[in-house]
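data_35.cif (mmCIF, C-alpha atoms)
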data_upload
#
loop_
_atom_site.label_atom_id
_atom_site.label_comp_id
_atom_site.auth_asym_id
_atom_site.auth_seq_id
_atom_site.Cartn_x
_atom_site.Cartn_y
_atom_site.Cartn_z
CA MET B 1 -21.79 -21.19 -11.96
CA ARG B 2 -24.02 -18.32 -10.85
CA ARG B 3 -26.25 -20.71 -8.90
CA ALA B 4 -23.20 -22.27 -7.24
CA VAL B 5 -22.00 -18.85 -6.14
CA GLU B 6 -25.44 -17.99 -4.76
CA ARG B 7 -25.55 -21.25 -2.77
CA GLY B 8 -22.08 -20.58 -1.40
CA LEU B 9 -23.03 -17.08 -0.31
CA GLU B 10 -26.13 -18.40 1.46
CA ARG B 11 -24.01 -20.87 3.45
CA ARG B 12 -21.24 -18.40 4.20
CA GLN B 13 -20.62 -17.65 7.88
CA LEU B 14 -19.58 -14.10 8.78
CA GLU B 15 -19.75 -14.27 12.55
CA GLY B 16 -16.64 -13.00 14.31
CA LEU B 17 -15.70 -10.69 11.46
CA LYS B 18 -13.32 -8.15 13.05
CA HIS B 19 -10.86 -7.00 10.41
CA VAL B 20 -11.69 -6.36 6.77
CA GLY B 21 -9.91 -4.84 3.80
CA MET B 22 -11.14 -2.80 0.85
CA ASP B 23 -8.97 -2.52 -2.23
CA GLU B 24 -8.97 -2.53 -6.01
CA LYS B 25 -7.70 -5.11 -8.47
CA SER B 26 -6.87 -4.53 -12.12
CA PHE B 27 -7.33 -6.97 -14.96
CA LYS B 28 -7.33 -6.96 -18.76
CA ARG B 29 -3.83 -5.46 -18.70
CA GLY B 30 -4.85 -2.74 -16.28
CA GLN B 31 -7.65 -1.38 -18.43
CA SER B 32 -10.45 -2.51 -16.11
CA TYR B 33 -10.84 -2.54 -12.34
CA ILE B 34 -12.90 -4.17 -9.64
CA THR B 35 -13.21 -3.24 -5.96
CA LEU B 36 -13.10 -5.97 -3.34
CA LEU B 37 -14.08 -6.39 0.29
CA THR B 38 -11.96 -9.03 2.04
CA ASP B 39 -11.93 -10.87 5.37
CA TRP B 40 -8.44 -10.44 6.84
CA GLU B 41 -8.58 -13.31 9.37
CA GLN B 42 -9.81 -15.97 6.94
CA SER B 43 -8.07 -14.64 3.81
CA ARG B 44 -11.20 -14.63 1.67
CA VAL B 45 -13.16 -12.30 -0.55
CA LEU B 46 -16.50 -11.15 0.86
CA ASP B 47 -17.79 -9.26 -2.17
CA VAL B 48 -16.72 -7.80 -5.51
CA VAL B 49 -18.14 -4.92 -7.54
CA GLU B 50 -17.10 -3.40 -10.84
CA GLU B 51 -15.10 -0.18 -11.12
CA ARG B 52 -13.05 1.61 -8.42
CA THR B 53 -15.36 4.54 -7.72
CA ALA B 54 -16.94 5.93 -4.57
CA GLU B 55 -20.21 4.35 -5.72
CA ALA B 56 -18.53 0.95 -5.98
CA ALA B 57 -17.05 1.32 -2.51
CA ASP B 58 -20.42 2.38 -1.14
CA GLN B 59 -22.03 -0.72 -2.66
CA LEU B 60 -19.47 -2.91 -0.91
CA GLY B 61 -20.20 -1.15 2.36
CA GLN B 62 -23.75 -2.49 2.20
CA THR B 63 -22.56 -6.11 1.99
CA LEU B 64 -22.56 -6.64 5.74
CA ARG B 65 -25.57 -6.78 8.03
CA LEU B 66 -25.90 -4.22 10.84
CA GLU B 67 -24.63 -6.55 13.56
CA GLN B 68 -21.65 -7.53 11.39
CA LYS B 69 -20.78 -3.89 10.76
CA GLN B 70 -20.91 -3.21 14.48
CA ALA B 71 -18.43 -6.03 15.12
CA VAL B 72 -15.80 -4.73 12.68
CA GLU B 73 -12.87 -3.22 14.59
CA ALA B 74 -10.64 -2.06 11.73
CA VAL B 75 -10.60 -1.71 7.96
CA ALA B 76 -7.42 -1.76 5.86
CA VAL B 77 -7.71 0.67 2.94
CA ASP B 78 -5.54 2.73 0.62
CA MET B 79 -5.28 6.48 1.13
CA GLY B 80 -7.70 7.16 -1.73
CA GLU B 81 -10.50 9.43 -0.58
CA PRO B 82 -13.38 7.34 -2.05
CA PHE B 83 -12.36 4.39 0.11
CA ILE B 84 -11.85 6.43 3.27
CA GLN B 85 -15.04 8.45 3.10
CA THR B 86 -17.22 5.53 2.06
CA ILE B 87 -16.02 2.94 4.54
CA GLN B 88 -16.62 5.30 7.46
CA LYS B 89 -20.35 5.40 6.72
CA PRO B 90 -21.25 1.75 7.46
CA VAL B 91 -18.57 1.22 10.16
CA PRO B 92 -18.08 4.63 11.80
CA GLU B 93 -16.59 3.09 14.97
CA ALA B 94 -13.96 1.02 13.14
CA ASP B 95 -10.36 2.19 12.89
CA ILE B 96 -9.10 3.03 9.41
CA VAL B 97 -5.72 1.40 8.76
CA HIS B 98 -3.79 2.60 5.74
CA ASP B 99 -2.20 -0.31 3.99
CA LYS B 100 1.59 -0.46 4.22
CA PHE B 101 1.85 -2.20 0.84
CA HIS B 102 0.43 0.91 -0.81
CA VAL B 103 2.74 3.15 1.22
CA SER B 104 5.71 1.15 -0.06
CA GLN B 105 4.33 1.42 -3.58
CA TYR B 106 4.02 5.21 -3.35
CA LEU B 107 7.57 5.53 -2.05
CA GLY B 108 8.87 3.15 -4.72
CA GLU B 109 7.24 5.23 -7.44
CA ALA B 110 8.84 8.36 -5.98
CA VAL B 111 12.26 6.70 -6.06
CA ASP B 112 11.75 5.78 -9.71
CA LYS B 113 10.74 9.35 -10.58
CA VAL B 114 13.94 10.63 -9.00
CA ARG B 115 15.95 8.01 -10.90
CA ARG B 116 14.40 8.89 -14.25
CA GLN B 117 15.00 12.61 -13.81
CA GLU B 118 18.56 12.13 -12.62
CA HIS B 119 19.27 9.71 -15.48
CA LYS B 120 18.18 12.36 -17.99
CA GLU B 121 20.40 14.95 -16.35
CA LEU B 122 23.40 12.63 -16.38
CA MET B 123 22.86 11.55 -19.98
CA VAL B 124 23.02 15.19 -21.09
CA GLN B 125 26.56 15.14 -19.68
CA GLY B 126 27.32 11.84 -21.39
CA ASP B 127 27.21 9.95 -18.09
CA GLU B 128 25.52 6.51 -18.33
CA THR B 129 25.91 5.63 -14.65
CA LEU B 130 22.17 4.98 -14.15
CA LYS B 131 21.52 3.27 -17.47
CA GLY B 132 19.77 -0.08 -16.89
CA THR B 133 19.74 0.28 -13.09
CA ARG B 134 15.97 0.57 -12.56
CA PRO B 135 15.57 -2.96 -11.09
CA LEU B 136 18.32 -2.31 -8.55
CA TRP B 137 16.43 0.60 -7.01
CA LEU B 138 13.01 -1.05 -7.02
CA TYR B 139 13.67 -4.71 -6.16
CA ASN B 140 14.50 -6.22 -2.78
CA PRO B 141 18.30 -6.34 -2.33
CA GLN B 142 17.90 -9.66 -0.51
CA HIS B 143 17.05 -11.23 -3.88
CA PHE B 144 20.06 -9.81 -5.74
CA SER B 145 22.67 -12.00 -7.36
CA PRO B 146 26.26 -11.45 -6.17
CA ASP B 147 26.96 -9.29 -9.24
CA GLN B 148 23.83 -7.19 -8.67
CA ALA B 149 24.68 -6.75 -5.00
CA ALA B 150 28.19 -5.55 -5.88
CA GLU B 151 26.87 -3.14 -8.52
CA PHE B 152 24.23 -1.74 -6.17
CA SER B 153 26.74 -1.28 -3.36
CA ALA B 154 28.97 0.74 -5.69
CA LEU B 155 26.04 2.88 -6.89
CA LYS B 156 25.02 3.77 -3.34
CA ASP B 157 28.49 5.22 -2.71
CA LEU B 158 28.26 7.70 -5.60
CA GLN B 159 26.24 10.38 -3.78
CA LEU B 160 23.38 10.06 -6.26
CA LYS B 161 19.99 11.68 -5.71
CA VAL B 162 18.29 8.36 -6.33
CA ALA B 163 20.42 6.78 -3.62
CA ARG B 164 19.08 9.31 -1.11
CA ALA B 165 15.53 8.69 -2.32
CA TRP B 166 16.03 4.93 -1.94
CA ALA B 167 17.45 5.43 1.56
CA ALA B 168 14.36 7.44 2.54
CA LYS B 169 12.08 4.66 1.31
CA GLU B 170 14.03 1.96 3.11
CA LEU B 171 14.22 3.94 6.33
CA PHE B 172 10.46 4.40 6.47
CA SER B 173 10.00 0.62 6.75
CA LYS B 174 11.16 1.00 10.37
CA PHE B 175 7.90 2.84 11.12
CA TRP B 176 5.92 -0.41 10.99
CA GLU B 177 8.13 -2.08 13.59
CA TYR B 178 7.25 0.22 16.48
CA GLN B 179 5.08 -1.06 19.31
CA GLU B 180 4.43 2.28 21.00
CA GLU B 181 2.58 5.09 19.23
CA GLY B 182 4.69 7.79 20.86
CA TRP B 183 7.92 6.38 19.49
CA ALA B 184 6.36 5.95 16.05
CA ARG B 185 5.28 9.61 16.05
CA ARG B 186 8.78 10.68 17.01
CA PHE B 187 10.28 8.54 14.25
CA PHE B 188 7.89 9.97 11.67
CA LYS B 189 8.67 13.54 12.74
CA ASP B 190 12.41 12.94 12.32
CA TRP B 191 11.95 11.08 9.02
CA PHE B 192 9.64 13.76 7.65
CA GLY B 193 12.07 16.51 8.61
CA TRP B 194 14.95 14.75 6.88
CA VAL B 195 12.93 14.11 3.73
CA SER B 196 11.63 17.68 3.66
CA ARG B 197 15.21 18.96 3.58
CA SER B 198 16.24 16.51 0.86
CA ARG B 199 14.89 18.64 -2.00
CA LEU B 200 13.80 15.43 -3.73
CA LYS B 201 10.38 16.62 -4.88
CA PRO B 202 8.74 13.22 -5.61
CA VAL B 203 9.74 11.87 -2.20
CA VAL B 204 8.73 15.09 -0.44
CA GLU B 205 5.27 14.91 -2.04
CA VAL B 206 4.75 11.35 -0.76
CA ALA B 207 6.00 12.36 2.69
CA GLN B 208 3.47 15.19 2.78
CA MET B 209 0.70 12.77 1.84
CA LEU B 210 1.77 10.39 4.62
CA LYS B 211 1.77 13.26 7.09
CA ARG B 212 -1.82 14.13 6.17
CA HIS B 213 -2.82 10.53 6.87
CA LEU B 214 -0.54 9.90 9.84
CA GLU B 215 -3.34 9.06 12.30
CA ASN B 216 -4.52 6.23 10.06
CA LEU B 217 -0.96 4.98 9.63
CA LEU B 218 -0.54 4.78 13.40
CA THR B 219 -3.61 2.56 13.72
CA TYR B 220 -1.52 -0.21 12.14
CA LEU B 221 0.36 -0.47 15.43
CA ARG B 222 -2.88 -1.52 17.15
CA HIS B 223 -4.28 -3.89 14.54
CA HIS B 224 -1.37 -5.02 12.33
CA ILE B 225 -3.59 -5.63 9.32
CA THR B 226 -2.83 -5.03 5.65
CA ASN B 227 -4.45 -5.74 2.32
CA ALA B 228 -2.12 -8.66 1.70
CA VAL B 229 -5.19 -10.79 0.92
CA THR B 230 -6.15 -8.57 -2.00
CA GLU B 231 -2.54 -8.12 -3.12
CA GLY B 232 -2.22 -11.90 -3.28
CA LEU B 233 -5.16 -12.09 -5.65
CA ASN B 234 -3.11 -10.41 -8.36
CA SER B 235 -1.44 -13.74 -9.00
CA GLN B 236 -4.61 -15.83 -8.72
CA SER B 237 -7.27 -16.50 -11.28
CA SER B 238 -9.67 -18.19 -8.85
CA PRO B 239 -9.74 -16.30 -5.55
CA LYS B 240 -11.27 -17.85 -2.45
CA PHE B 241 -14.77 -16.63 -1.53
#
Could you take the file, read its structure, and then write that structure out as structure tokens?
Amino acid sequence: MRRAVERGLERRQLEGLKHVGMDEKSFKRGQSYITLLTDWEQSRVLDVVEERTAEAADQLGQTLRLEQKQAVEAVAVDMGEPFIQTIQKPVPEADIVHDKFHVSQYLGEAVDKVRRQEHKELMVQGDETLKGTRPLWLYNPQHFSPDQAAEFSALKDLQLKVARAWAAKELFSKFWEYQEEGWARRFFKDWFGWVSRSRLKPVVEVAQMLKRHLENLLTYLRHHITNAVTEGLNSQSSPKF
């Protein structure tokens, strides 16, 4: 198997490589991690190293030859500092594009934190309104059954904190639809102002993180790349190389 992989790598063509992604993947029930470099256009893995450290990311950065690095126009990465700092060394001219899947994940986690805290507060009062509702706040409403849709619609009308957190998460998805950077900046300013006044600490913290990385969120409007390739590997046991 090792010889087959080596032969495949020798025959691999990397000309025309313009957009790449760097991300991590967990296995063994989340106890171990690998870091991957992927080719966005051809939906394939370019290289894999163990761990999710700055050293691992740096090792991946050496995968490409000089002329290949010079051809890369953009790299999709999470907002983790090891990825950002390391990927800028081999491809300093490439745009950094923060992955919108991770942004959605951060916002989803913030919504769940608000839900858990509010559920505890309500339970102290004997109110079980939020009991068993976690999937409704985290899953796509388009996939709800009629009963789930009716239940969720009723919950959103109860002036709950988690409903406001969910609305903030859903509203931010509009950011990715803009074609002009100026309009996207204006949208973010308005969204950030609204969230900052919400007093929903978990959501505010994510909003502040997004503000710090705004320039690398805006680059998505130019390149429209994500780490969907790597995200798709989570359901595959034999990824394409």
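The spacing separating CA of Arg115 in chain B from CA of Val162 in chain B amounts to 5.1 Å.
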Any idea what's packed within 10 Å of Leu155 in chain B, counting all atoms listed in the file, ignoring anything in its chain fewer than 5 positions away? Could you give it as a list in words? Thr129, Leu130, Thr133, Leu136, Trp137, Ala149, Ala150, Leu160, Val162 and Ala163 of chain B
For a cutoff of 12 Å around the file-coordinate point (2.5, 2.2, 2.9), which residues qualify once you count all atoms listed in the file? I'd like the result as a ChimeraX atom specification. /B:76-79,97-109,169-170,172-176,206-207,209-211,213-214,216-218,220,225-228
Give me a file of those residues, with C-alpha atoms, as a PDB file, in the coordinates of the input.
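File produced: out.pdb:
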ATOM      1  CA  ALA B  76      -7.420  -1.760   5.860  1.00  0.00           C
ATOM      2  CA  VAL B  77      -7.710   0.670   2.940  1.00  0.00           C
ATOM      3  CA  ASP B  78      -5.540   2.730   0.620  1.00  0.00           C
ATOM      4  CA  MET B  79      -5.280   6.480   1.130  1.00  0.00           C
ATOM      5  CA  VAL B  97      -5.720   1.400   8.760  1.00  0.00           C
ATOM      6  CA  HIS B  98      -3.790   2.600   5.740  1.00  0.00           C
ATOM      7  CA  ASP B  99      -2.200  -0.310   3.990  1.00  0.00           C
ATOM      8  CA  LYS B 100       1.590  -0.460   4.220  1.00  0.00           C
ATOM      9  CA  PHE B 101       1.850  -2.200   0.840  1.00  0.00           C
ATOM     10  CA  HIS B 102       0.430   0.910  -0.810  1.00  0.00           C
ATOM     11  CA  VAL B 103       2.740   3.150   1.220  1.00  0.00           C
ATOM     12  CA  SER B 104       5.710   1.150  -0.060  1.00  0.00           C
ATOM     13  CA  GLN B 105       4.330   1.420  -3.580  1.00  0.00           C
ATOM     14  CA  TYR B 106       4.020   5.210  -3.350  1.00  0.00           C
ATOM     15  CA  LEU B 107       7.570   5.530  -2.050  1.00  0.00           C
ATOM     16  CA  GLY B 108       8.870   3.150  -4.720  1.00  0.00           C
ATOM     17  CA  GLU B 109       7.240   5.230  -7.440  1.00  0.00           C
ATOM     18  CA  LYS B 169      12.080   4.660   1.310  1.00  0.00           C
ATOM     19  CA  GLU B 170      14.030   1.960   3.110  1.00  0.00           C
ATOM     20  CA  PHE B 172      10.460   4.400   6.470  1.00  0.00           C
ATOM     21  CA  SER B 173      10.000   0.620   6.750  1.00  0.00           C
ATOM     22  CA  LYS B 174      11.160   1.000  10.370  1.00  0.00           C
ATOM     23  CA  PHE B 175       7.900   2.840  11.120  1.00  0.00           C
ATOM     24  CA  TRP B 176       5.920  -0.410  10.990  1.00  0.00           C
ATOM     25  CA  VAL B 206       4.750  11.350  -0.760  1.00  0.00           C
ATOM     26  CA  ALA B 207       6.000  12.360   2.690  1.00  0.00           C
ATOM     27  CA  MET B 209       0.700  12.770   1.840  1.00  0.00           C
ATOM     28  CA  LEU B 210       1.770  10.390   4.620  1.00  0.00           C
ATOM     29  CA  LYS B 211       1.770  13.260   7.090  1.00  0.00           C
ATOM     30  CA  HIS B 213      -2.820  10.530   6.870  1.00  0.00           C
ATOM     31  CA  LEU B 214      -0.540   9.900   9.840  1.00  0.00           C
ATOM     32  CA  ASN B 216      -4.520   6.230  10.060  1.00  0.00           C
ATOM     33  CA  LEU B 217      -0.960   4.980   9.630  1.00  0.00           C
ATOM     34  CA  LEU B 218      -0.540   4.780  13.400  1.00  0.00           C
ATOM     35  CA  TYR B 220      -1.520  -0.210  12.140  1.00  0.00           C
ATOM     36  CA  ILE B 225      -3.590  -5.630   9.320  1.00  0.00           C
ATOM     37  CA  THR B 226      -2.830  -5.030   5.650  1.00  0.00           C
ATOM     38  CA  ASN B 227      -4.450  -5.740   2.320  1.00  0.00           C
ATOM     39  CA  ALA B 228      -2.120  -8.660   1.700  1.00  0.00           C
TER      40      ALA B 228
END
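CA of Tyr178 in chain B is positioned 11.4 Å from CA of Thr219 in chain B.
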For a test of reading the model, state the distance in Å between CA of Val75 in chain B and CA of Lys89 in chain B, rounded to one decimal.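 Between CA of Val75 in chain B and CA of Lys89 in chain B the gap works out to 12.1 Å.
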Expansion of the PyMOL selection byres ((chain B and resi 17) around 12) into residues, as a PyMOL selection string: chain B and resi 12-16+18-21+38-44+46+64-65+67-75+94
To verify the selection step, state as a list in words which residues the PyMOL selection byres ((chain B and resi 195-198) around 9) yields on this input.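 With the PyMOL selection byres ((chain B and resi 195-198) around 9) on this model, the match is Lys161, Arg164, Ala165, Ala168, Asp190, Trp191, Phe192, Gly193, Trp194, Arg199, Leu200, Lys201, Val203, Val204, Glu205, Ala207 and Gln208 of chain B.
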